[in-house]
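These notes are about the structure you will find just below.
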Amino acid sequence: MKILMVTSETVPFAKTGGLADAVSALAINLRKQGHDVRIVMPRYYKIDRTKLKPIETPVAVAAGQVETWVKFYEAPLPQTDIPVYFIDHELCYGRDGIYGTKVEPDFHDNPYRAAVLCHGAFQLCRMLGWYPDIMHAHDWFCALVPVLLKHVCRNGYFAHTASVFTIHNLGYQGVYGKENFPALGLDWNLYYGAGLEHNGAINLLQSALSCADMITTVSPTYAREIQTTEGGFGLDGLLRVRSDCVRGVLNGCDLDTWNPSKDKLLPANFDYKNLENKKKCKEELQKRMGLPVNPNVPVFGIVTRLADQKGIAEIFAPNYGCMYSMCKNMEIQFAVLGSGEKWCEQEINNLQNVLPNMRAFVGYDESLSHLIEAGSDFFLMPSRYEPCGLNQMYSILYGTLPIVRRTGGLADTVEQYNENTGDGTGFLFDSLTPEAVYNTVGWATYAYYNKKDHIKKMQERGMQKDFSWDRSVDGYVNVYSEALMRGCGINTADWR
């Protein structure tokens, strides 16, 4: 198949979260299967155009109330032959930040910036004379791709092109005032006709859910959760109406980067057949974090974005969170890495000043994140919701047993510990409360001190799990086939 990924982020060029990793990993693994996959994204200020190859002359896109002229550049995704095309428009993308900055968290002209990318994706295909079978758009910033394909472009060269839209996080929807509609470069009849209207405003993500031939999200459980009132962020009704087009495809892991047997960021490598070197990682973690070096005390790791979605209040909030009582009442240690909400950063610093068995690094450090995954005995991840999650998978692969809330991708990847048999790969709980977190950490602590054979069995079982992208890619290829059948009446079985 010919597949065009339309995205606002792709590693290593631009990243704010897991979206960037997922797009590049999916593209790479689709290419390994022989598909002609390409990526288009904005050229942000920090992407040096002198290192890119310019493509022909500027072209006009229909975003806004007058034509917008853009230029395209090209570079391969590093260590691959996958072309990445960059839409260059200084007014839109020549600034710091992808969606906003600390001064302006949500750029006021994001609807226009998003429209330039989506209209530009179609112009790129026309310019190249390359028309994809699938246009795969990712998250709200690229939501106009299914709209344009269904209502504007599905004729002529795009008559046999289908759209797939992936929700990486339903909490981010691209909701803006109705006065921004002209910036989208669409006829006003599409305000209602394409599902853009939302409580008198425009909702970009809602329009994609209305128009895409197929909708995916990044885990099977999250695909069900977003169709409920609790998890639907106001769009659950629409998702239920379109439920026959919704699929959950679990993301895979980058096993070249996250593999304890060859991870270059670790002081020692190990695998499920020999866990001795995991002890060396634990010792190095305790030293680096300033924790007492003691191989017999369980270390609980946390690597997280300090945001409400991640359950940080239940752990750290003053007079509410359970971190203080866990460290006071249990013979355990905590190693914390994260940044985000200022109140939480401050409270973490306050806690480590009074808790000798909790140490934290406020910020981000790639090597430390690997060391925490490898050197910890347990990994705490009590997310309020988690579309997919990667850290719990990293933990399992590194012999570090995750403690997670039963939601989204966490429920799909962590198997509950069985006290009788020692089966499972981690510890799950349901209610997001400080008491539930406290009790589950206590349960894991009890198992550590009293069920060592179970802990070892769970580690060895988890480290042999297949979290590669192979199965994920097969899932996406199946979705692409469904999209072509639904959108264009094409049976891909006829291609074989």
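Each chain of the structure tokens is named A, B, ... in the order shown, its residues numbered from 1; ligands are numbered from 1 in display order.
Near A:Asp96, within 8 Å and counting only C-alpha atoms, sit Tyr44, Tyr45, Lys46 and Thr101 of chain A, not including residues fewer than 5 positions from it in the same chain.
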With DSSP run on the backbone, what are the helix (DSSP H, G or I) residues within stretch 89-217 of chain A? I'd like them as a PDB file with N, CA, C and O atoms, in the first residue's frame.
ATOM      1  N   GLU A  90       6.649  30.392   7.289  1.00  0.00           N
ATOM      2  CA  GLU A  90       7.262  31.081   8.425  1.00  0.00           C
ATOM      3  C   GLU A  90       6.227  31.648   9.388  1.00  0.00           C
ATOM      4  O   GLU A  90       6.385  31.587  10.608  1.00  0.00           O
ATOM      5  N   LEU A  91       5.142  32.215   8.856  1.00  0.00           N
ATOM      6  CA  LEU A  91       4.126  32.809   9.712  1.00  0.00           C
ATOM      7  C   LEU A  91       3.484  31.762  10.619  1.00  0.00           C
ATOM      8  O   LEU A  91       3.171  32.030  11.779  1.00  0.00           O
ATOM      9  N   CYS A  92       3.304  30.553  10.095  1.00  0.00           N
ATOM     10  CA  CYS A  92       2.657  29.486  10.868  1.00  0.00           C
ATOM     11  C   CYS A  92       3.607  28.781  11.831  1.00  0.00           C
ATOM     12  O   CYS A  92       3.288  28.559  13.003  1.00  0.00           O
ATOM     13  N   TYR A  93       4.762  28.398  11.319  1.00  0.00           N
ATOM     14  CA  TYR A  93       5.603  27.458  12.059  1.00  0.00           C
ATOM     15  C   TYR A  93       6.960  28.028  12.468  1.00  0.00           C
ATOM     16  O   TYR A  93       7.719  27.334  13.155  1.00  0.00           O
ATOM     17  N   ASN A 110      -3.877  28.494  16.022  1.00  0.00           N
ATOM     18  CA  ASN A 110      -3.721  27.056  15.779  1.00  0.00           C
ATOM     19  C   ASN A 110      -4.697  26.501  14.730  1.00  0.00           C
ATOM     20  O   ASN A 110      -4.313  25.612  13.947  1.00  0.00           O
ATOM     21  N   PRO A 111      -5.946  26.976  14.651  1.00  0.00           N
ATOM     22  CA  PRO A 111      -6.814  26.466  13.579  1.00  0.00           C
ATOM     23  C   PRO A 111      -6.224  26.716  12.192  1.00  0.00           C
ATOM     24  O   PRO A 111      -6.281  25.838  11.317  1.00  0.00           O
ATOM     25  N   TYR A 112      -5.660  27.899  11.989  1.00  0.00           N
ATOM     26  CA  TYR A 112      -5.039  28.214  10.695  1.00  0.00           C
ATOM     27  C   TYR A 112      -3.793  27.371  10.477  1.00  0.00           C
ATOM     28  O   TYR A 112      -3.580  26.823   9.382  1.00  0.00           O
ATOM     29  N   ARG A 113      -2.963  27.219  11.501  1.00  0.00           N
ATOM     30  CA  ARG A 113      -1.741  26.440  11.386  1.00  0.00           C
ATOM     31  C   ARG A 113      -2.077  24.988  11.045  1.00  0.00           C
ATOM     32  O   ARG A 113      -1.401  24.339  10.229  1.00  0.00           O
ATOM     33  N   ALA A 114      -3.108  24.448  11.691  1.00  0.00           N
ATOM     34  CA  ALA A 114      -3.525  23.070  11.418  1.00  0.00           C
ATOM     35  C   ALA A 114      -4.065  22.939   9.994  1.00  0.00           C
ATOM     36  O   ALA A 114      -3.789  21.949   9.292  1.00  0.00           O
ATOM     37  N   ALA A 115      -4.827  23.948   9.559  1.00  0.00           N
ATOM     38  CA  ALA A 115      -5.408  23.900   8.217  1.00  0.00           C
ATOM     39  C   ALA A 115      -4.331  23.941   7.139  1.00  0.00           C
ATOM     40  O   ALA A 115      -4.444  23.258   6.113  1.00  0.00           O
ATOM     41  N   VAL A 116      -3.294  24.728   7.337  1.00  0.00           N
ATOM     42  CA  VAL A 116      -2.202  24.789   6.369  1.00  0.00           C
ATOM     43  C   VAL A 116      -1.564  23.412   6.200  1.00  0.00           C
ATOM     44  O   VAL A 116      -1.280  22.967   5.083  1.00  0.00           O
ATOM     45  N   LEU A 117      -1.343  22.707   7.313  1.00  0.00           N
ATOM     46  CA  LEU A 117      -0.765  21.366   7.239  1.00  0.00           C
ATOM     47  C   LEU A 117      -1.685  20.413   6.479  1.00  0.00           C
ATOM     48  O   LEU A 117      -1.242  19.665   5.597  1.00  0.00           O
ATOM     49  N   CYS A 118      -2.978  20.423   6.804  1.00  0.00           N
ATOM     50  CA  CYS A 118      -3.901  19.444   6.210  1.00  0.00           C
ATOM     51  C   CYS A 118      -4.145  19.721   4.734  1.00  0.00           C
ATOM     52  O   CYS A 118      -4.103  18.801   3.902  1.00  0.00           O
ATOM     53  N   HIS A 119      -4.409  20.978   4.381  1.00  0.00           N
ATOM     54  CA  HIS A 119      -4.540  21.309   2.957  1.00  0.00           C
ATOM     55  C   HIS A 119      -3.226  21.025   2.228  1.00  0.00           C
ATOM     56  O   HIS A 119      -3.216  20.527   1.099  1.00  0.00           O
ATOM     57  N   GLY A 120      -2.118  21.347   2.896  1.00  0.00           N
ATOM     58  CA  GLY A 120      -0.811  21.150   2.276  1.00  0.00           C
ATOM     59  C   GLY A 120      -0.499  19.704   1.975  1.00  0.00           C
ATOM     60  O   GLY A 120       0.211  19.396   1.001  1.00  0.00           O
ATOM     61  N   ALA A 121      -1.022  18.784   2.790  1.00  0.00           N
ATOM     62  CA  ALA A 121      -0.778  17.363   2.551  1.00  0.00           C
ATOM     63  C   ALA A 121      -1.332  16.938   1.195  1.00  0.00           C
ATOM     64  O   ALA A 121      -0.707  16.153   0.466  1.00  0.00           O
ATOM     65  N   PHE A 122      -2.498  17.454   0.836  1.00  0.00           N
ATOM     66  CA  PHE A 122      -3.084  17.120  -0.470  1.00  0.00           C
ATOM     67  C   PHE A 122      -2.296  17.771  -1.606  1.00  0.00           C
ATOM     68  O   PHE A 122      -2.075  17.146  -2.650  1.00  0.00           O
ATOM     69  N   GLN A 123      -1.868  19.009  -1.388  1.00  0.00           N
ATOM     70  CA  GLN A 123      -1.074  19.686  -2.411  1.00  0.00           C
ATOM     71  C   GLN A 123       0.266  18.990  -2.630  1.00  0.00           C
ATOM     72  O   GLN A 123       0.783  18.923  -3.745  1.00  0.00           O
ATOM     73  N   LEU A 124       0.834  18.455  -1.568  1.00  0.00           N
ATOM     74  CA  LEU A 124       2.084  17.705  -1.689  1.00  0.00           C
ATOM     75  C   LEU A 124       1.904  16.516  -2.618  1.00  0.00           C
ATOM     76  O   LEU A 124       2.731  16.261  -3.504  1.00  0.00           O
ATOM     77  N   CYS A 125       0.819  15.768  -2.417  1.00  0.00           N
ATOM     78  CA  CYS A 125       0.566  14.597  -3.264  1.00  0.00           C
ATOM     79  C   CYS A 125       0.429  15.013  -4.721  1.00  0.00           C
ATOM     80  O   CYS A 125       0.957  14.345  -5.626  1.00  0.00           O
ATOM     81  N   ARG A 126      -0.294  16.104  -4.958  1.00  0.00           N
ATOM     82  CA  ARG A 126      -0.469  16.578  -6.337  1.00  0.00           C
ATOM     83  C   ARG A 126       0.871  16.974  -6.935  1.00  0.00           C
ATOM     84  O   ARG A 126       1.153  16.679  -8.102  1.00  0.00           O
ATOM     85  N   MET A 127       1.685  17.644  -6.149  1.00  0.00           N
ATOM     86  CA  MET A 127       2.976  18.105  -6.643  1.00  0.00           C
ATOM     87  C   MET A 127       3.884  16.930  -6.974  1.00  0.00           C
ATOM     88  O   MET A 127       4.606  16.937  -7.970  1.00  0.00           O
ATOM     89  N   LEU A 128       3.847  15.882  -6.148  1.00  0.00           N
ATOM     90  CA  LEU A 128       4.695  14.711  -6.364  1.00  0.00           C
ATOM     91  C   LEU A 128       4.128  13.772  -7.425  1.00  0.00           C
ATOM     92  O   LEU A 128       4.845  12.908  -7.945  1.00  0.00           O
ATOM     93  N   TRP A 140      -5.719  15.792  16.870  1.00  0.00           N
ATOM     94  CA  TRP A 140      -6.596  16.904  16.489  1.00  0.00           C
ATOM     95  C   TRP A 140      -5.956  17.861  15.496  1.00  0.00           C
ATOM     96  O   TRP A 140      -6.646  18.450  14.664  1.00  0.00           O
ATOM     97  N   PHE A 141      -4.640  18.047  15.548  1.00  0.00           N
ATOM     98  CA  PHE A 141      -3.990  19.017  14.683  1.00  0.00           C
ATOM     99  C   PHE A 141      -4.112  18.617  13.213  1.00  0.00           C
ATOM    100  O   PHE A 141      -4.029  19.464  12.321  1.00  0.00           O
ATOM    101  N   CYS A 142      -4.325  17.336  12.959  1.00  0.00           N
ATOM    102  CA  CYS A 142      -4.422  16.820  11.585  1.00  0.00           C
ATOM    103  C   CYS A 142      -5.841  16.366  11.242  1.00  0.00           C
ATOM    104  O   CYS A 142      -6.062  15.643  10.272  1.00  0.00           O
ATOM    105  N   LEU A 144      -8.420  17.755   9.984  1.00  0.00           N
ATOM    106  CA  LEU A 144      -9.090  18.185   8.755  1.00  0.00           C
ATOM    107  C   LEU A 144      -8.792  17.272   7.561  1.00  0.00           C
ATOM    108  O   LEU A 144      -9.449  17.376   6.525  1.00  0.00           O
ATOM    109  N   VAL A 145      -7.823  16.395   7.669  1.00  0.00           N
ATOM    110  CA  VAL A 145      -7.510  15.494   6.555  1.00  0.00           C
ATOM    111  C   VAL A 145      -8.719  14.634   6.178  1.00  0.00           C
ATOM    112  O   VAL A 145      -9.111  14.586   5.001  1.00  0.00           O
ATOM    113  N   PRO A 146      -9.367  13.930   7.121  1.00  0.00           N
ATOM    114  CA  PRO A 146     -10.564  13.162   6.740  1.00  0.00           C
ATOM    115  C   PRO A 146     -11.694  14.047   6.220  1.00  0.00           C
ATOM    116  O   PRO A 146     -12.452  13.624   5.333  1.00  0.00           O
ATOM    117  N   VAL A 147     -11.817  15.258   6.767  1.00  0.00           N
ATOM    118  CA  VAL A 147     -12.850  16.188   6.307  1.00  0.00           C
ATOM    119  C   VAL A 147     -12.620  16.556   4.843  1.00  0.00           C
ATOM    120  O   VAL A 147     -13.534  16.502   4.011  1.00  0.00           O
ATOM    121  N   LEU A 148     -11.396  16.948   4.523  1.00  0.00           N
ATOM    122  CA  LEU A 148     -11.068  17.353   3.157  1.00  0.00           C
ATOM    123  C   LEU A 148     -11.216  16.192   2.184  1.00  0.00           C
ATOM    124  O   LEU A 148     -11.710  16.356   1.063  1.00  0.00           O
ATOM    125  N   LEU A 149     -10.793  15.009   2.608  1.00  0.00           N
ATOM    126  CA  LEU A 149     -10.885  13.860   1.713  1.00  0.00           C
ATOM    127  C   LEU A 149     -12.344  13.520   1.411  1.00  0.00           C
ATOM    128  O   LEU A 149     -12.718  13.275   0.257  1.00  0.00           O
ATOM    129  N   LYS A 150     -13.195  13.550   2.420  1.00  0.00           N
ATOM    130  CA  LYS A 150     -14.588  13.158   2.237  1.00  0.00           C
ATOM    131  C   LYS A 150     -15.392  14.211   1.485  1.00  0.00           C
ATOM    132  O   LYS A 150     -16.198  13.881   0.604  1.00  0.00           O
ATOM    133  N   HIS A 151     -15.170  15.489   1.800  1.00  0.00           N
ATOM    134  CA  HIS A 151     -16.067  16.530   1.311  1.00  0.00           C
ATOM    135  C   HIS A 151     -15.483  17.404   0.204  1.00  0.00           C
ATOM    136  O   HIS A 151     -16.219  18.149  -0.435  1.00  0.00           O
ATOM    137  N   VAL A 152     -14.166  17.344  -0.010  1.00  0.00           N
ATOM    138  CA  VAL A 152     -13.552  18.254  -0.964  1.00  0.00           C
ATOM    139  C   VAL A 152     -12.741  17.517  -2.033  1.00  0.00           C
ATOM    140  O   VAL A 152     -12.844  17.816  -3.227  1.00  0.00           O
ATOM    141  N   CYS A 153     -11.942  16.550  -1.616  1.00  0.00           N
ATOM    142  CA  CYS A 153     -10.910  15.997  -2.507  1.00  0.00           C
ATOM    143  C   CYS A 153     -11.170  14.594  -3.032  1.00  0.00           C
ATOM    144  O   CYS A 153     -10.395  14.115  -3.858  1.00  0.00           O
ATOM    145  N   GLY A 156     -11.374  12.475  -8.738  1.00  0.00           N
ATOM    146  CA  GLY A 156     -10.158  12.505  -9.535  1.00  0.00           C
ATOM    147  C   GLY A 156      -9.082  11.619  -8.940  1.00  0.00           C
ATOM    148  O   GLY A 156      -9.291  10.432  -8.680  1.00  0.00           O
ATOM    149  N   TYR A 157      -7.929  12.221  -8.682  1.00  0.00           N
ATOM    150  CA  TYR A 157      -6.765  11.457  -8.229  1.00  0.00           C
ATOM    151  C   TYR A 157      -6.949  10.843  -6.841  1.00  0.00           C
ATOM    152  O   TYR A 157      -6.267   9.881  -6.496  1.00  0.00           O
ATOM    153  N   PHE A 158      -7.841  11.407  -6.021  1.00  0.00           N
ATOM    154  CA  PHE A 158      -8.031  10.890  -4.661  1.00  0.00           C
ATOM    155  C   PHE A 158      -9.281  10.010  -4.549  1.00  0.00           C
ATOM    156  O   PHE A 158      -9.720   9.697  -3.448  1.00  0.00           O
ATOM    157  N   LYS A 178     -16.095  29.996  17.042  1.00  0.00           N
ATOM    158  CA  LYS A 178     -16.646  29.915  15.696  1.00  0.00           C
ATOM    159  C   LYS A 178     -16.007  30.923  14.753  1.00  0.00           C
ATOM    160  O   LYS A 178     -15.925  30.696  13.535  1.00  0.00           O
ATOM    161  N   GLU A 179     -15.516  32.029  15.303  1.00  0.00           N
ATOM    162  CA  GLU A 179     -14.898  33.058  14.467  1.00  0.00           C
ATOM    163  C   GLU A 179     -13.641  32.548  13.770  1.00  0.00           C
ATOM    164  O   GLU A 179     -13.144  33.173  12.821  1.00  0.00           O
ATOM    165  N   ASN A 180     -13.115  31.408  14.202  1.00  0.00           N
ATOM    166  CA  ASN A 180     -11.934  30.821  13.572  1.00  0.00           C
ATOM    167  C   ASN A 180     -12.276  29.976  12.346  1.00  0.00           C
ATOM    168  O   ASN A 180     -11.365  29.531  11.639  1.00  0.00           O
ATOM    169  N   PHE A 181     -13.546  29.735  12.082  1.00  0.00           N
ATOM    170  CA  PHE A 181     -13.905  28.845  10.981  1.00  0.00           C
ATOM    171  C   PHE A 181     -13.331  29.291   9.635  1.00  0.00           C
ATOM    172  O   PHE A 181     -12.830  28.448   8.868  1.00  0.00           O
ATOM    173  N   PRO A 182     -13.366  30.587   9.294  1.00  0.00           N
ATOM    174  CA  PRO A 182     -12.804  30.981   7.994  1.00  0.00           C
ATOM    175  C   PRO A 182     -11.339  30.608   7.818  1.00  0.00           C
ATOM    176  O   PRO A 182     -10.871  30.427   6.682  1.00  0.00           O
ATOM    177  N   ALA A 183     -10.603  30.463   8.926  1.00  0.00           N
ATOM    178  CA  ALA A 183      -9.185  30.094   8.828  1.00  0.00           C
ATOM    179  C   ALA A 183      -8.995  28.680   8.304  1.00  0.00           C
ATOM    180  O   ALA A 183      -7.898  28.319   7.864  1.00  0.00           O
ATOM    181  N   LEU A 184     -10.060  27.878   8.319  1.00  0.00           N
ATOM    182  CA  LEU A 184      -9.941  26.476   7.924  1.00  0.00           C
ATOM    183  C   LEU A 184      -9.981  26.287   6.413  1.00  0.00           C
ATOM    184  O   LEU A 184      -9.682  25.189   5.923  1.00  0.00           O
ATOM    185  N   ASN A 189     -21.005  25.589   4.641  1.00  0.00           N
ATOM    186  CA  ASN A 189     -21.943  24.471   4.790  1.00  0.00           C
ATOM    187  C   ASN A 189     -21.301  23.282   5.501  1.00  0.00           C
ATOM    188  O   ASN A 189     -22.002  22.390   5.982  1.00  0.00           O
ATOM    189  N   LEU A 190     -19.969  23.259   5.569  1.00  0.00           N
ATOM    190  CA  LEU A 190     -19.288  22.173   6.275  1.00  0.00           C
ATOM    191  C   LEU A 190     -19.182  22.419   7.779  1.00  0.00           C
ATOM    192  O   LEU A 190     -18.771  21.532   8.522  1.00  0.00           O
ATOM    193  N   TYR A 191     -19.551  23.607   8.229  1.00  0.00           N
ATOM    194  CA  TYR A 191     -19.548  23.871   9.674  1.00  0.00           C
ATOM    195  C   TYR A 191     -20.438  22.847  10.377  1.00  0.00           C
ATOM    196  O   TYR A 191     -20.057  22.254  11.391  1.00  0.00           O
ATOM    197  N   TYR A 192     -21.604  22.611   9.811  1.00  0.00           N
ATOM    198  CA  TYR A 192     -22.477  21.557  10.322  1.00  0.00           C
ATOM    199  C   TYR A 192     -22.285  20.261   9.540  1.00  0.00           C
ATOM    200  O   TYR A 192     -22.258  19.174  10.115  1.00  0.00           O
ATOM    201  N   GLY A 193     -22.117  20.373   8.234  1.00  0.00           N
ATOM    202  CA  GLY A 193     -22.097  19.189   7.379  1.00  0.00           C
ATOM    203  C   GLY A 193     -20.934  18.250   7.629  1.00  0.00           C
ATOM    204  O   GLY A 193     -21.046  17.042   7.398  1.00  0.00           O
ATOM    205  N   LEU A 204     -12.193  20.468  16.121  1.00  0.00           N
ATOM    206  CA  LEU A 204     -11.490  19.828  15.009  1.00  0.00           C
ATOM    207  C   LEU A 204     -11.519  18.316  15.127  1.00  0.00           C
ATOM    208  O   LEU A 204     -11.789  17.602  14.156  1.00  0.00           O
ATOM    209  N   LEU A 205     -11.236  17.792  16.308  1.00  0.00           N
ATOM    210  CA  LEU A 205     -11.193  16.343  16.457  1.00  0.00           C
ATOM    211  C   LEU A 205     -12.564  15.729  16.185  1.00  0.00           C
ATOM    212  O   LEU A 205     -12.674  14.675  15.553  1.00  0.00           O
ATOM    213  N   GLN A 206     -13.618  16.412  16.617  1.00  0.00           N
ATOM    214  CA  GLN A 206     -14.966  15.904  16.370  1.00  0.00           C
ATOM    215  C   GLN A 206     -15.231  15.745  14.882  1.00  0.00           C
ATOM    216  O   GLN A 206     -15.870  14.781  14.447  1.00  0.00           O
ATOM    217  N   SER A 207     -14.715  16.682  14.080  1.00  0.00           N
ATOM    218  CA  SER A 207     -14.936  16.590  12.631  1.00  0.00           C
ATOM    219  C   SER A 207     -14.256  15.361  12.043  1.00  0.00           C
ATOM    220  O   SER A 207     -14.800  14.710  11.144  1.00  0.00           O
ATOM    221  N   ALA A 208     -13.076  15.024  12.551  1.00  0.00           N
ATOM    222  CA  ALA A 208     -12.383  13.823  12.063  1.00  0.00           C
ATOM    223  C   ALA A 208     -13.156  12.566  12.425  1.00  0.00           C
ATOM    224  O   ALA A 208     -13.269  11.634  11.620  1.00  0.00           O
ATOM    225  N   LEU A 209     -13.718  12.535  13.637  1.00  0.00           N
ATOM    226  CA  LEU A 209     -14.502  11.373  14.047  1.00  0.00           C
ATOM    227  C   LEU A 209     -15.763  11.240  13.206  1.00  0.00           C
ATOM    228  O   LEU A 209     -16.267  10.135  13.003  1.00  0.00           O
ATOM    229  N   SER A 210     -16.261  12.355  12.695  1.00  0.00           N
ATOM    230  CA  SER A 210     -17.450  12.330  11.857  1.00  0.00           C
ATOM    231  C   SER A 210     -17.143  11.861  10.440  1.00  0.00           C
ATOM    232  O   SER A 210     -17.988  11.235   9.798  1.00  0.00           O
ATOM    233  N   CYS A 211     -15.941  12.164   9.956  1.00  0.00           N
ATOM    234  CA  CYS A 211     -15.652  11.995   8.527  1.00  0.00           C
ATOM    235  C   CYS A 211     -14.706  10.849   8.184  1.00  0.00           C
ATOM    236  O   CYS A 211     -14.688  10.403   7.029  1.00  0.00           O
TER     237      CYS A 211
END
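Considering the residues A:Thr50, A:Val362, A:Ile87, A:Tyr176 and counting only C-alpha atoms, A:His108 has its shortest atom-to-atom contact with A:Tyr176.
Residues lying within 9 Å of A:Cys388, counting only C-alpha atoms and ignoring same-chain neighbours fewer than 5 positions away, are His168, Thr217, Val218, Ser219, Pro220, Thr221, Tyr222, Leu250, Asn251, Gly408, Gly409, Leu410, Asp412 and Thr413 of chain A.
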I need the chosen residues saved as a PDB file, in the first residue's frame, with C-alpha atoms.
ATOM      1  CA  HIS A 168      -3.655   9.336  20.659  1.00  0.00           C
ATOM      2  CA  THR A 217      -6.904   4.551  19.094  1.00  0.00           C
ATOM      3  CA  VAL A 218      -3.848   3.156  20.773  1.00  0.00           C
ATOM      4  CA  SER A 219      -5.226   0.291  22.867  1.00  0.00           C
ATOM      5  CA  PRO A 220      -8.321  -1.936  22.802  1.00  0.00           C
ATOM      6  CA  THR A 221      -9.463  -0.957  26.296  1.00  0.00           C
ATOM      7  CA  TYR A 222      -9.123   2.758  25.541  1.00  0.00           C
ATOM      8  CA  LEU A 250      -1.961  -1.331  20.894  1.00  0.00           C
ATOM      9  CA  ASN A 251       1.262   0.580  20.270  1.00  0.00           C
ATOM     10  CA  GLY A 408      -6.660   1.923  28.856  1.00  0.00           C
ATOM     11  CA  GLY A 409      -3.404   0.412  27.678  1.00  0.00           C
ATOM     12  CA  LEU A 410      -2.405  -0.366  31.251  1.00  0.00           C
ATOM     13  CA  ASP A 412      -4.247  -4.360  28.133  1.00  0.00           C
ATOM     14  CA  THR A 413      -0.582  -4.907  28.970  1.00  0.00           C
TER      15      THR A 413
END
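Each of A:Lys15, A:Gly34, A:Leu26, A:Asn296 was checked against A:Tyr449 using only C-alpha atoms; the smallest atom-to-atom distance is that of A:Asn296.
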**Prompt:** Quick one: residues within 9 Å of A:Ala444, only C-alpha atoms counted, chain neighbours fewer than 6 positions away excluded, as a PyMOL selection string?
**Reply:** chain A and resi 378+401+403+426-427
Go ahead and write the residues just picked, all heavy atoms, as a PDB file, in the first residue's frame.
ATOM      1  N   PHE A 378       9.826  -2.134  41.406  1.00  0.00           N
ATOM      2  CA  PHE A 378       8.447  -1.879  41.016  1.00  0.00           C
ATOM      3  C   PHE A 378       8.371  -0.516  40.343  1.00  0.00           C
ATOM      4  O   PHE A 378       9.220   0.349  40.577  1.00  0.00           O
ATOM      5  CB  PHE A 378       7.512  -1.910  42.236  1.00  0.00           C
ATOM      6  CG  PHE A 378       7.550  -3.195  43.015  1.00  0.00           C
ATOM      7  CD1 PHE A 378       8.351  -3.325  44.139  1.00  0.00           C
ATOM      8  CD2 PHE A 378       6.776  -4.282  42.621  1.00  0.00           C
ATOM      9  CE1 PHE A 378       8.391  -4.506  44.857  1.00  0.00           C
ATOM     10  CE2 PHE A 378       6.819  -5.476  43.333  1.00  0.00           C
ATOM     11  CZ  PHE A 378       7.621  -5.588  44.448  1.00  0.00           C
ATOM     12  N   LEU A 401       8.279  -4.694  38.109  1.00  0.00           N
ATOM     13  CA  LEU A 401       6.856  -5.019  38.102  1.00  0.00           C
ATOM     14  C   LEU A 401       6.009  -3.758  38.233  1.00  0.00           C
ATOM     15  O   LEU A 401       6.136  -3.020  39.208  1.00  0.00           O
ATOM     16  CB  LEU A 401       6.541  -6.003  39.228  1.00  0.00           C
ATOM     17  CG  LEU A 401       7.389  -7.287  39.232  1.00  0.00           C
ATOM     18  CD1 LEU A 401       6.966  -8.199  40.368  1.00  0.00           C
ATOM     19  CD2 LEU A 401       7.277  -8.023  37.890  1.00  0.00           C
ATOM     20  N   ILE A 403       2.874  -1.235  38.887  1.00  0.00           N
ATOM     21  CA  ILE A 403       1.698  -1.062  39.745  1.00  0.00           C
ATOM     22  C   ILE A 403       0.845  -0.004  39.060  1.00  0.00           C
ATOM     23  O   ILE A 403       1.229   1.172  39.004  1.00  0.00           O
ATOM     24  CB  ILE A 403       2.105  -0.622  41.162  1.00  0.00           C
ATOM     25  CG1 ILE A 403       3.009  -1.678  41.797  1.00  0.00           C
ATOM     26  CG2 ILE A 403       0.875  -0.360  42.024  1.00  0.00           C
ATOM     27  CD1 ILE A 403       3.677  -1.222  43.075  1.00  0.00           C
ATOM     28  N   GLY A 426       2.232  -7.920  37.084  1.00  0.00           N
ATOM     29  CA  GLY A 426       2.183  -6.673  37.844  1.00  0.00           C
ATOM     30  C   GLY A 426       0.997  -6.639  38.784  1.00  0.00           C
ATOM     31  O   GLY A 426       0.326  -7.660  39.016  1.00  0.00           O
ATOM     32  N   PHE A 427       0.712  -5.447  39.306  1.00  0.00           N
ATOM     33  CA  PHE A 427      -0.329  -5.261  40.310  1.00  0.00           C
ATOM     34  C   PHE A 427      -1.300  -4.187  39.815  1.00  0.00           C
ATOM     35  O   PHE A 427      -0.883  -3.073  39.486  1.00  0.00           O
ATOM     36  CB  PHE A 427       0.285  -4.840  41.639  1.00  0.00           C
ATOM     37  CG  PHE A 427       1.269  -5.829  42.212  1.00  0.00           C
ATOM     38  CD1 PHE A 427       2.578  -5.888  41.723  1.00  0.00           C
ATOM     39  CD2 PHE A 427       0.898  -6.710  43.213  1.00  0.00           C
ATOM     40  CE1 PHE A 427       3.489  -6.806  42.239  1.00  0.00           C
ATOM     41  CE2 PHE A 427       1.801  -7.634  43.732  1.00  0.00           C
ATOM     42  CZ  PHE A 427       3.104  -7.681  43.244  1.00  0.00           C
TER      43      PHE A 427
END
Quick check for you: according to DSSP on this backbone, which residues of stretch 264-348 of chain A are classed as strand (DSSP E or B)? Reply as a ChimeraX atom specification. /A:271,274,299-306,333-340
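The residue that comes closest to A:Gly174, out of A:Val59, A:Ile202, A:Ala159, A:Ile134 and on the basis of only C-alpha atoms, is A:Ile202.
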- Task: Pick out the residues sitting within 12 Å of A:Gln416, and hand them over as a VMD selection string; count only C-alpha atoms, and ignore anything fewer than 5 positions along from it in its own chain.
- Result: chain A and resid 401 to 406 410 to 411 421 to 430 440 444 458 462
Practice item. Find the residues near A:Lys2: any atom within 8 Å, counting only C-alpha atoms, skip ones fewer than 4 places away on the same chain, and give them as JSON, numbers by chain. Key: {"A": [35, 36, 37, 131, 132, 133, 134]}
Neighbours of A:Tyr398 within 8 Å (only C-alpha atoms; same-chain residues fewer than 6 positions away dropped), as a PyMOL selection string? chain A and resi 259-260+271+373-374+463
